[in-house]
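run_33.pdb (PDB, C-alpha atoms) appears below.
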ATOM      1  CA  MET A   1     -24.835  48.344  95.055  1.00  0.00           C
ATOM      2  CA  ARG A   2     -23.065  49.636  91.862  1.00  0.00           C
ATOM      3  CA  MET A   3     -20.297  47.032  92.176  1.00  0.00           C
ATOM      4  CA  THR A   4     -22.921  44.252  92.443  1.00  0.00           C
ATOM      5  CA  THR A   5     -24.682  45.569  89.329  1.00  0.00           C
ATOM      6  CA  ARG A   6     -21.387  45.664  87.382  1.00  0.00           C
ATOM      7  CA  ILE A   7     -20.438  42.154  88.441  1.00  0.00           C
ATOM      8  CA  LEU A   8     -23.928  40.907  87.525  1.00  0.00           C
ATOM      9  CA  ALA A   9     -23.707  42.642  84.100  1.00  0.00           C
ATOM     10  CA  ALA A  10     -20.256  41.160  83.445  1.00  0.00           C
ATOM     11  CA  SER A  11     -21.501  37.722  84.478  1.00  0.00           C
ATOM     12  CA  VAL A  12     -24.514  37.931  82.159  1.00  0.00           C
ATOM     13  CA  LEU A  13     -22.269  39.060  79.286  1.00  0.00           C
ATOM     14  CA  GLY A  14     -19.840  36.221  79.987  1.00  0.00           C
ATOM     15  CA  VAL A  15     -22.667  33.654  80.033  1.00  0.00           C
ATOM     16  CA  ALA A  16     -24.123  35.100  76.808  1.00  0.00           C
ATOM     17  CA  LEU A  17     -20.743  34.905  75.080  1.00  0.00           C
ATOM     18  CA  ALA A  18     -20.146  31.389  76.336  1.00  0.00           C
ATOM     19  CA  GLY A  19     -23.623  30.360  75.142  1.00  0.00           C
ATOM     20  CA  ALA A  20     -22.832  31.720  71.668  1.00  0.00           C
ATOM     21  CA  GLY A  21     -19.980  29.248  71.288  1.00  0.00           C
ATOM     22  CA  VAL A  22     -17.156  31.757  71.731  1.00  0.00           C
ATOM     23  CA  ALA A  23     -13.868  29.981  72.257  1.00  0.00           C
ATOM     24  CA  GLY A  24     -10.993  31.318  74.314  1.00  0.00           C
ATOM     25  CA  PRO A  25     -10.725  33.269  77.555  1.00  0.00           C
ATOM     26  CA  ALA A  26     -13.060  36.109  78.454  1.00  0.00           C
ATOM     27  CA  LEU A  27     -11.723  38.746  80.827  1.00  0.00           C
ATOM     28  CA  ALA A  28     -13.621  41.494  82.614  1.00  0.00           C
ATOM     29  CA  ASP A  29     -11.776  44.435  84.142  1.00  0.00           C
ATOM     30  CA  ASP A  30     -13.760  46.747  86.415  1.00  0.00           C
ATOM     31  CA  ASP A  31     -12.635  50.334  85.734  1.00  0.00           C
ATOM     32  CA  PRO A  32     -13.833  52.521  88.635  1.00  0.00           C
ATOM     33  CA  ALA A  33     -12.678  55.702  86.835  1.00  0.00           C
ATOM     34  CA  THR A  34     -15.140  55.288  83.930  1.00  0.00           C
ATOM     35  CA  GLY A  35     -17.815  53.328  85.753  1.00  0.00           C
ATOM     36  CA  GLY A  36     -17.730  50.671  83.024  1.00  0.00           C
ATOM     37  CA  VAL A  37     -16.554  47.139  82.436  1.00  0.00           C
ATOM     38  CA  ASP A  38     -13.796  46.354  79.908  1.00  0.00           C
ATOM     39  CA  VAL A  39     -14.384  42.957  78.273  1.00  0.00           C
ATOM     40  CA  SER A  40     -11.765  41.176  76.133  1.00  0.00           C
ATOM     41  CA  VAL A  41     -12.651  38.062  74.129  1.00  0.00           C
ATOM     42  CA  ASN A  42     -10.513  35.814  71.912  1.00  0.00           C
ATOM     43  CA  ILE A  43     -12.589  34.405  69.035  1.00  0.00           C
ATOM     44  CA  GLN A  44     -11.200  31.506  67.058  1.00  0.00           C
ATOM     45  CA  PRO A  45     -11.539  31.804  63.244  1.00  0.00           C
ATOM     46  CA  THR A  46     -14.283  29.756  61.623  1.00  0.00           C
ATOM     47  CA  THR A  47     -12.947  26.653  59.908  1.00  0.00           C
ATOM     48  CA  THR A  48     -16.292  25.281  58.729  1.00  0.00           C
ATOM     49  CA  PRO A  49     -16.215  24.719  54.965  1.00  0.00           C
ATOM     50  CA  GLY A  50     -18.655  26.650  52.780  1.00  0.00           C
ATOM     51  CA  GLN A  51     -21.775  25.098  51.312  1.00  0.00           C
ATOM     52  CA  LEU A  52     -23.650  25.014  48.023  1.00  0.00           C
ATOM     53  CA  SER A  53     -27.437  25.016  48.282  1.00  0.00           C
ATOM     54  CA  MET A  54     -30.416  25.632  46.006  1.00  0.00           C
ATOM     55  CA  THR A  55     -34.057  26.472  46.698  1.00  0.00           C
ATOM     56  CA  VAL A  56     -37.018  26.926  44.367  1.00  0.00           C
ATOM     57  CA  ALA A  57     -39.800  29.264  45.475  1.00  0.00           C
ATOM     58  CA  ASP A  58     -43.236  27.765  46.066  1.00  0.00           C
ATOM     59  CA  ASN A  59     -45.628  28.201  43.176  1.00  0.00           C
ATOM     60  CA  ASN A  60     -48.989  27.026  41.940  1.00  0.00           C
ATOM     61  CA  GLY A  61     -48.084  27.094  38.274  1.00  0.00           C
ATOM     62  CA  VAL A  62     -47.189  29.962  36.001  1.00  0.00           C
ATOM     63  CA  SER A  63     -49.801  32.435  34.817  1.00  0.00           C
ATOM     64  CA  LEU A  64     -49.244  33.691  31.290  1.00  0.00           C
ATOM     65  CA  GLN A  65     -50.417  36.995  29.864  1.00  0.00           C
ATOM     66  CA  GLU A  66     -50.509  37.793  26.154  1.00  0.00           C
ATOM     67  CA  ASN A  67     -47.734  40.265  25.423  1.00  0.00           C
ATOM     68  CA  GLY A  68     -45.956  41.012  22.139  1.00  0.00           C
ATOM     69  CA  SER A  69     -48.223  39.062  19.776  1.00  0.00           C
ATOM     70  CA  ASP A  70     -48.236  39.897  16.078  1.00  0.00           C
ATOM     71  CA  ALA A  71     -49.805  38.535  12.864  1.00  0.00           C
ATOM     72  CA  ALA A  72     -47.243  35.699  12.692  1.00  0.00           C
ATOM     73  CA  ALA A  73     -47.443  34.439  16.278  1.00  0.00           C
ATOM     74  CA  ARG A  74     -49.154  34.941  19.581  1.00  0.00           C
ATOM     75  CA  GLN A  75     -46.727  35.567  22.419  1.00  0.00           C
ATOM     76  CA  PHE A  76     -47.340  35.197  26.133  1.00  0.00           C
ATOM     77  CA  THR A  77     -45.115  36.164  29.029  1.00  0.00           C
ATOM     78  CA  GLY A  78     -45.023  35.059  32.644  1.00  0.00           C
ATOM     79  CA  THR A  79     -42.668  34.715  35.569  1.00  0.00           C
ATOM     80  CA  LEU A  80     -41.190  31.369  36.508  1.00  0.00           C
ATOM     81  CA  PRO A  81     -40.579  30.598  40.206  1.00  0.00           C
ATOM     82  CA  THR A  82     -37.395  32.106  41.632  1.00  0.00           C
ATOM     83  CA  VAL A  83     -34.486  29.695  41.933  1.00  0.00           C
ATOM     84  CA  THR A  84     -31.956  30.758  44.559  1.00  0.00           C
ATOM     85  CA  VAL A  85     -28.456  29.305  44.590  1.00  0.00           C
ATOM     86  CA  THR A  86     -26.214  30.104  47.544  1.00  0.00           C
ATOM     87  CA  ASP A  87     -22.553  29.171  47.287  1.00  0.00           C
ATOM     88  CA  THR A  88     -20.522  30.130  50.366  1.00  0.00           C
ATOM     89  CA  ARG A  89     -17.476  28.090  49.375  1.00  0.00           C
ATOM     90  CA  THR A  90     -14.146  29.823  48.945  1.00  0.00           C
ATOM     91  CA  PRO A  91     -12.308  29.389  45.612  1.00  0.00           C
ATOM     92  CA  GLU A  92      -9.894  27.020  47.377  1.00  0.00           C
ATOM     93  CA  GLU A  93     -12.807  24.729  48.378  1.00  0.00           C
ATOM     94  CA  ILE A  94     -14.026  24.264  44.783  1.00  0.00           C
ATOM     95  CA  PRO A  95     -12.171  21.568  42.836  1.00  0.00           C
ATOM     96  CA  ALA A  96     -10.560  22.798  39.619  1.00  0.00           C
ATOM     97  CA  GLY A  97     -12.795  22.499  36.569  1.00  0.00           C
ATOM     98  CA  GLU A  98     -16.017  21.996  38.539  1.00  0.00           C
ATOM     99  CA  TYR A  99     -19.021  24.263  38.020  1.00  0.00           C
ATOM    100  CA  TRP A 100     -22.726  24.361  38.797  1.00  0.00           C
ATOM    101  CA  ALA A 101     -25.670  25.393  36.628  1.00  0.00           C
ATOM    102  CA  VAL A 102     -29.424  25.749  37.006  1.00  0.00           C
ATOM    103  CA  VAL A 103     -31.262  23.905  34.229  1.00  0.00           C
ATOM    104  CA  GLY A 104     -34.952  24.315  33.411  1.00  0.00           C
ATOM    105  CA  GLN A 105     -37.367  21.716  32.125  1.00  0.00           C
ATOM    106  CA  ALA A 106     -41.024  22.144  31.108  1.00  0.00           C
ATOM    107  CA  SER A 107     -43.927  19.838  30.541  1.00  0.00           C
ATOM    108  CA  GLN A 108     -46.983  20.433  28.390  1.00  0.00           C
ATOM    109  CA  PHE A 109     -48.998  23.602  29.079  1.00  0.00           C
ATOM    110  CA  VAL A 110     -52.613  22.791  29.916  1.00  0.00           C
ATOM    111  CA  ALA A 111     -55.525  25.248  29.817  1.00  0.00           C
ATOM    112  CA  ALA A 112     -57.038  25.653  33.281  1.00  0.00           C
ATOM    113  CA  ASP A 113     -60.607  25.558  31.925  1.00  0.00           C
ATOM    114  CA  ASP A 114     -60.132  22.731  29.383  1.00  0.00           C
ATOM    115  CA  PRO A 115     -57.431  20.068  29.945  1.00  0.00           C
ATOM    116  CA  ALA A 116     -57.831  18.977  26.305  1.00  0.00           C
ATOM    117  CA  LYS A 117     -56.276  22.284  25.198  1.00  0.00           C
ATOM    118  CA  THR A 118     -52.499  21.966  25.412  1.00  0.00           C
ATOM    119  CA  ILE A 119     -49.341  23.604  24.104  1.00  0.00           C
ATOM    120  CA  GLY A 120     -46.105  21.620  23.917  1.00  0.00           C
ATOM    121  CA  PRO A 121     -43.044  22.709  25.915  1.00  0.00           C
ATOM    122  CA  GLU A 122     -41.058  23.204  22.695  1.00  0.00           C
ATOM    123  CA  TYR A 123     -42.925  26.520  22.383  1.00  0.00           C
ATOM    124  CA  LEU A 124     -41.466  27.788  25.656  1.00  0.00           C
ATOM    125  CA  GLY A 125     -38.489  30.114  25.555  1.00  0.00           C
ATOM    126  CA  TRP A 126     -36.886  31.713  28.571  1.00  0.00           C
ATOM    127  CA  LYS A 127     -34.142  34.108  29.477  1.00  0.00           C
ATOM    128  CA  PRO A 128     -32.379  33.729  32.837  1.00  0.00           C
ATOM    129  CA  HIS A 129     -31.260  36.768  34.818  1.00  0.00           C
ATOM    130  CA  LEU A 130     -29.508  37.340  38.115  1.00  0.00           C
ATOM    131  CA  ILE A 131     -31.609  38.781  40.930  1.00  0.00           C
ATOM    132  CA  SER A 132     -28.459  39.978  42.668  1.00  0.00           C
ATOM    133  CA  ASP A 133     -24.961  40.259  41.235  1.00  0.00           C
ATOM    134  CA  SER A 134     -22.085  38.057  42.310  1.00  0.00           C
ATOM    135  CA  SER A 135     -19.595  39.937  44.480  1.00  0.00           C
ATOM    136  CA  THR A 136     -16.735  38.132  42.698  1.00  0.00           C
ATOM    137  CA  GLY A 137     -18.186  38.166  39.194  1.00  0.00           C
ATOM    138  CA  ALA A 138     -17.853  34.380  39.094  1.00  0.00           C
ATOM    139  CA  VAL A 139     -21.612  33.897  38.576  1.00  0.00           C
ATOM    140  CA  ALA A 140     -23.356  34.863  35.349  1.00  0.00           C
ATOM    141  CA  ALA A 141     -26.812  34.361  33.844  1.00  0.00           C
ATOM    142  CA  GLY A 142     -26.901  31.655  31.213  1.00  0.00           C
ATOM    143  CA  GLU A 143     -27.840  31.991  27.578  1.00  0.00           C
ATOM    144  CA  PRO A 144     -31.513  32.469  26.604  1.00  0.00           C
ATOM    145  CA  VAL A 145     -33.431  29.339  25.588  1.00  0.00           C
ATOM    146  CA  SER A 146     -35.378  29.796  22.337  1.00  0.00           C
ATOM    147  CA  SER A 147     -38.655  28.172  21.391  1.00  0.00           C
ATOM    148  CA  VAL A 148     -39.310  26.428  18.068  1.00  0.00           C
ATOM    149  CA  VAL A 149     -40.874  29.676  16.880  1.00  0.00           C
ATOM    150  CA  SER A 150     -38.173  32.007  15.555  1.00  0.00           C
ATOM    151  CA  ASP A 151     -37.253  34.889  17.810  1.00  0.00           C
TER     152      ASP A 151
END
What is this structure when it is put down as structure tokens?
Amino acid sequence: MRMTTRILAASVLGVALAGAGVAGPALADDDPATGGVDVSVNIQPTTTPGQLSMTVADNNGVSLQENGSDAAARQFTGTLPTVTVTDTRTPEEIPAGEYWAVVGQASQFVAADDPAKTIGPEYLGWKPHLISDSSTGAVAAGEPVSSVVSD
């Protein structure tokens, strides 16, 4: 009964490994002294090239809250949707002198309660920041973008 259970367990493991796309031979060695099964697997290195992808979080607009206003200007702050860039390429896969950047663009701000009340995008300033650091240091937040109103 124990031998049948071990063979069945080794068979299930072998099928699971084969289903996961493991290349190379899989060997099972029944060790009666330990009551276990020794499994050896050769896994071929991945040769799939890395990828560059970008996603922008869903949003229904940006809500602004007054923050930092003074006698010279009213200032509002808000959070733009998160932009996530994933670059899994190795340095060897990136052609020399090629880079990527995330660029923002804004349209006119429109009051939710009165579409006739607008503020032009030239009054928008923003400061990018990294949500998580680059493990290589090859990624950095860009320079802040100023509005037409002095900082």
Once the PyMOL selection byres ((chain A and resi 133-141) around 12) has been applied to the shown file, what residues remain in the selection, as a PyMOL selection string?
chain A and resi 85-88+90-91+99-103+126-132+142-145
One-decimal distance in Å that lies between CA of Val148 (chain A) and CA of Pro121 (chain A)
9.5 Å
Resolved residues for the PyMOL selection byres ((chain A and resi 58) around 10) as a ChimeraX atom specification
/A:55-57,59-61,81-83
Can you work out the spacing between CA of Gln105 (chain A) and CA of Asn67 (chain A) in Å, to one decimal?
22.3 Å
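The gap separating CA of Thr79 (chain A) from CA of Leu64 (chain A) is 7.9 Å, in Å to one decimal.
Using all atoms listed in the file, the shortest contact distance between Ser150 (chain A) and any of A:Thr118, A:Ser40, A:Ser107, A:Gln75 is found at A:Gln75.
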Report as an mmCIF file with C-alpha atoms, in the frame of the given file the full result of the PyMOL selection byres ((chain A and resi 66) around 10) when it is applied to this structure.
data_model
loop_
_atom_site.group_PDB
_atom_site.id
_atom_site.type_symbol
_atom_site.label_atom_id
_atom_site.label_comp_id
_atom_site.auth_asym_id
_atom_site.auth_seq_id
_atom_site.Cartn_x
_atom_site.Cartn_y
_atom_site.Cartn_z
ATOM 1 C CA LEU A 64 -49.244 33.691 31.290
ATOM 2 C CA GLN A 65 -50.417 36.995 29.864
ATOM 3 C CA ASN A 67 -47.734 40.265 25.423
ATOM 4 C CA GLY A 68 -45.956 41.012 22.139
ATOM 5 C CA SER A 69 -48.223 39.062 19.776
ATOM 6 C CA ARG A 74 -49.154 34.941 19.581
ATOM 7 C CA GLN A 75 -46.727 35.567 22.419
ATOM 8 C CA PHE A 76 -47.340 35.197 26.133
ATOM 9 C CA THR A 77 -45.115 36.164 29.029
ATOM 10 C CA GLY A 78 -45.023 35.059 32.644
#
